[in-house]
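Okay, so here's the structure we're looking at.
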Amino acid sequence: MDRKGRRKRSAFTLIEVLLVAGILALLAAFAIPRLFGQAEQARIKLGEAAVKRNGPIAKALSSFKWDMGAFPDSDEGLQALFESKAARDDERYKGPYLEGSFEELRDPWGNPYEYRYPGEVNEDSYDLWSRGPNGEDDGGKAGSDDVKNWVEK
């Protein structure tokens, strides 16, 4: 007690604690959805970086084409970029063109990349795409959430 006989206040009241908790909950309600949206946008950007013309897969495919004279066909697929020289009986082959294993080559959502050569959209080249956030292969159709190596017209 102080000199006048009043008690000193040493803790917060229940109302003050509830008020602060409510303000924090309100702030979290606005901040958390934005953070999750940013994470999804980051995954989309990673997927785009992998499939676009200057991405690591595109560079490996270009190296393969320089050595072998053509891109791997759809049956060979992206697995051709991981084969050892011994596995491929061709002196032109300088691979592997990507590190790791074919099983490790996944998009940011954990799905394999899709590859088609000759391309249906890029007729003089290849089509390379990711299934995108929904994980379903839309074939790269216009309006889908697929992440692709071509520009929609």
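Here, A, B, ... name the chains of the structure tokens in the order displayed, residue numbers run from 1 inside each chain, and ligands are numbered from 1 in the same displayed order.
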Quiz prompt | Residues within 8 Å of A:Ala60, only C-alpha atoms, excluding chain neighbours under 2 positions, as a list in words | solution =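 The neighbour list is Pro56, Ile57, Ala58, Ser62, Ser63, Phe64, Leu81, Tyr97 and Leu98 of chain A.
Close contacts of A:Leu46, defined as residues with an atom at most 7 Å away when counting only C-alpha atoms, with chain neighbours fewer than 4 positions off set aside, comprise Ala42, Ala50 and Pro108 of chain A.
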Write a file of the just-selected residues containing N, CA and C atoms, as a PDB file, in the first residue's frame.
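Okay, out_35.pdb is ready:
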ATOM      1  N   ALA A  42       5.204 -17.192 -54.666  1.00  0.00           N
ATOM      2  CA  ALA A  42       6.619 -17.571 -54.739  1.00  0.00           C
ATOM      3  C   ALA A  42       6.780 -18.922 -55.427  1.00  0.00           C
ATOM      4  N   ALA A  50      11.837 -22.249 -63.652  1.00  0.00           N
ATOM      5  CA  ALA A  50      12.349 -23.557 -64.079  1.00  0.00           C
ATOM      6  C   ALA A  50      11.997 -23.869 -65.529  1.00  0.00           C
ATOM      7  N   PRO A 108       7.484 -26.997 -57.868  1.00  0.00           N
ATOM      8  CA  PRO A 108       7.348 -26.551 -56.473  1.00  0.00           C
ATOM      9  C   PRO A 108       6.201 -27.198 -55.698  1.00  0.00           C
TER      10      PRO A 108
END
Quiz item: Got a sec: who's within 7 Å of stretch 88-92 of chain A, counting only C-alpha atoms, leaving out chain neighbours fewer than 3 positions off, as number ranges by chain?
Solution: A: 67-68, 83-85
Deliver the residues from the most recent selection as a file, using C-alpha atoms, as a tab-separated table (two decimals), in the first residue's frame.
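Output contents, as saved in selection-v4.tsv:
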chain	number	residue	atom	x	y	z
A	67	ASP	CA	25.26	-32.39	-78.71
A	68	MET	CA	22.66	-34.74	-80.15
A	83	GLU	CA	21.54	-40.50	-68.29
A	84	SER	CA	25.22	-41.23	-67.90
A	85	LYS	CA	27.57	-41.44	-70.87
Find the residues of stretch 3-108 of chain A that sit at most 8 Å from stretch 128-136 of chain A; for each, write down the nearest two atoms and how far apart they are in Å, to one decimal. Count only C-alpha atoms. Sort by chain, then by number going up, and give it as CSV.
residue,atom,partner,partner_atom,distance
A:Glu40,CA,A:Pro133,CA,7.9
A:Ile44,CA,A:Gly132,CA,7.3
A:Gly47,CA,A:Ser130,CA,6.9
A:Val51,CA,A:Leu128,CA,6.1
A:Asp107,CA,A:Ser130,CA,6.3
Quiz prompt | Contact residues around stretch 118-125 of chain A with only C-alpha atoms at 9 Å, ignoring same-chain residues under 4 positions, as a count of residues only | solution = 6
Quiz prompt | Atomic separation - atom CA of A:Val20 relative to atom CA of A:Ile32, Å | solution =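 Atom CA of A:Val20 lies 17.9 Å from atom CA of A:Ile32.
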Quiz item: Which distance in Å separates atom CA of A:Glu76 and atom CA of A:Gly95, to one decimal?
Solution: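 Between these atoms lies a distance of 14.0 Å.
Every residue of stretch 24-148 of chain A with a DSSP assignment of strand (DSSP E or B), taken from the backbone, is listed as Arg106, Pro112, Glu114, Tyr115, Arg116, Asp127, Leu128, Trp129, Ser130, Val147 and Lys148 of chain A.
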Give me a file of those residues, with C-alpha atoms, as a PDB file, in the first residue's frame.
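What landed in out.pdb:
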ATOM      1  CA  ARG A 106       9.791 -31.942 -59.367  1.00  0.00           C
ATOM      2  CA  PRO A 112       6.828 -34.064 -62.250  1.00  0.00           C
ATOM      3  CA  GLU A 114       5.461 -32.276 -68.270  1.00  0.00           C
ATOM      4  CA  TYR A 115       7.408 -32.369 -71.533  1.00  0.00           C
ATOM      5  CA  ARG A 116       6.398 -32.827 -75.156  1.00  0.00           C
ATOM      6  CA  ASP A 127       6.464 -27.711 -74.722  1.00  0.00           C
ATOM      7  CA  LEU A 128       7.492 -27.757 -71.069  1.00  0.00           C
ATOM      8  CA  TRP A 129       5.062 -27.114 -68.236  1.00  0.00           C
ATOM      9  CA  SER A 130       4.193 -27.727 -64.625  1.00  0.00           C
ATOM     10  CA  VAL A 147       2.969 -22.936 -65.451  1.00  0.00           C
ATOM     11  CA  LYS A 148       4.202 -23.171 -69.050  1.00  0.00           C
TER      12      LYS A 148
END
Quiz prompt | Residues flagged helix (DSSP H, G or I) by DSSP in stretch 41-80 of chain A, as a ChimeraX atom specification | solution = /A:41-51,56-68,77-80
Output C-alpha atoms for every residue in that selection, as an mmCIF file, in the first residue's frame.
data_model
loop_
_atom_site.group_PDB
_atom_site.id
_atom_site.type_symbol
_atom_site.label_atom_id
_atom_site.label_comp_id
_atom_site.auth_asym_id
_atom_site.auth_seq_id
_atom_site.Cartn_x
_atom_site.Cartn_y
_atom_site.Cartn_z
ATOM 1 C CA GLN A 41 3.038 -16.627 -55.605
ATOM 2 C CA ALA A 42 6.619 -17.571 -54.739
ATOM 3 C CA ARG A 43 5.947 -21.190 -55.807
ATOM 4 C CA ILE A 44 4.485 -19.972 -59.106
ATOM 5 C CA LYS A 45 7.571 -17.804 -59.725
ATOM 6 C CA LEU A 46 9.864 -20.771 -58.970
ATOM 7 C CA GLY A 47 7.918 -22.939 -61.416
ATOM 8 C CA GLU A 48 8.093 -20.245 -64.086
ATOM 9 C CA ALA A 49 11.833 -19.824 -63.557
ATOM 10 C CA ALA A 50 12.349 -23.557 -64.079
ATOM 11 C CA VAL A 51 10.371 -23.879 -67.334
ATOM 12 C CA PRO A 56 17.857 -24.758 -65.786
ATOM 13 C CA ILE A 57 15.710 -27.312 -67.618
ATOM 14 C CA ALA A 58 15.685 -25.222 -70.806
ATOM 15 C CA LYS A 59 19.461 -24.799 -70.655
ATOM 16 C CA ALA A 60 19.935 -28.542 -70.197
ATOM 17 C CA LEU A 61 17.619 -29.238 -73.136
ATOM 18 C CA SER A 62 19.568 -26.766 -75.298
ATOM 19 C CA SER A 63 22.850 -28.462 -74.387
ATOM 20 C CA PHE A 64 21.331 -31.834 -75.248
ATOM 21 C CA LYS A 65 20.186 -30.480 -78.620
ATOM 22 C CA TRP A 66 23.643 -29.038 -79.392
ATOM 23 C CA ASP A 67 25.264 -32.391 -78.713
ATOM 24 C CA MET A 68 22.663 -34.745 -80.146
ATOM 25 C CA GLY A 77 11.369 -37.173 -72.041
ATOM 26 C CA LEU A 78 13.360 -35.261 -69.476
ATOM 27 C CA GLN A 79 14.908 -38.498 -68.234
ATOM 28 C CA ALA A 80 17.349 -38.284 -71.153
#
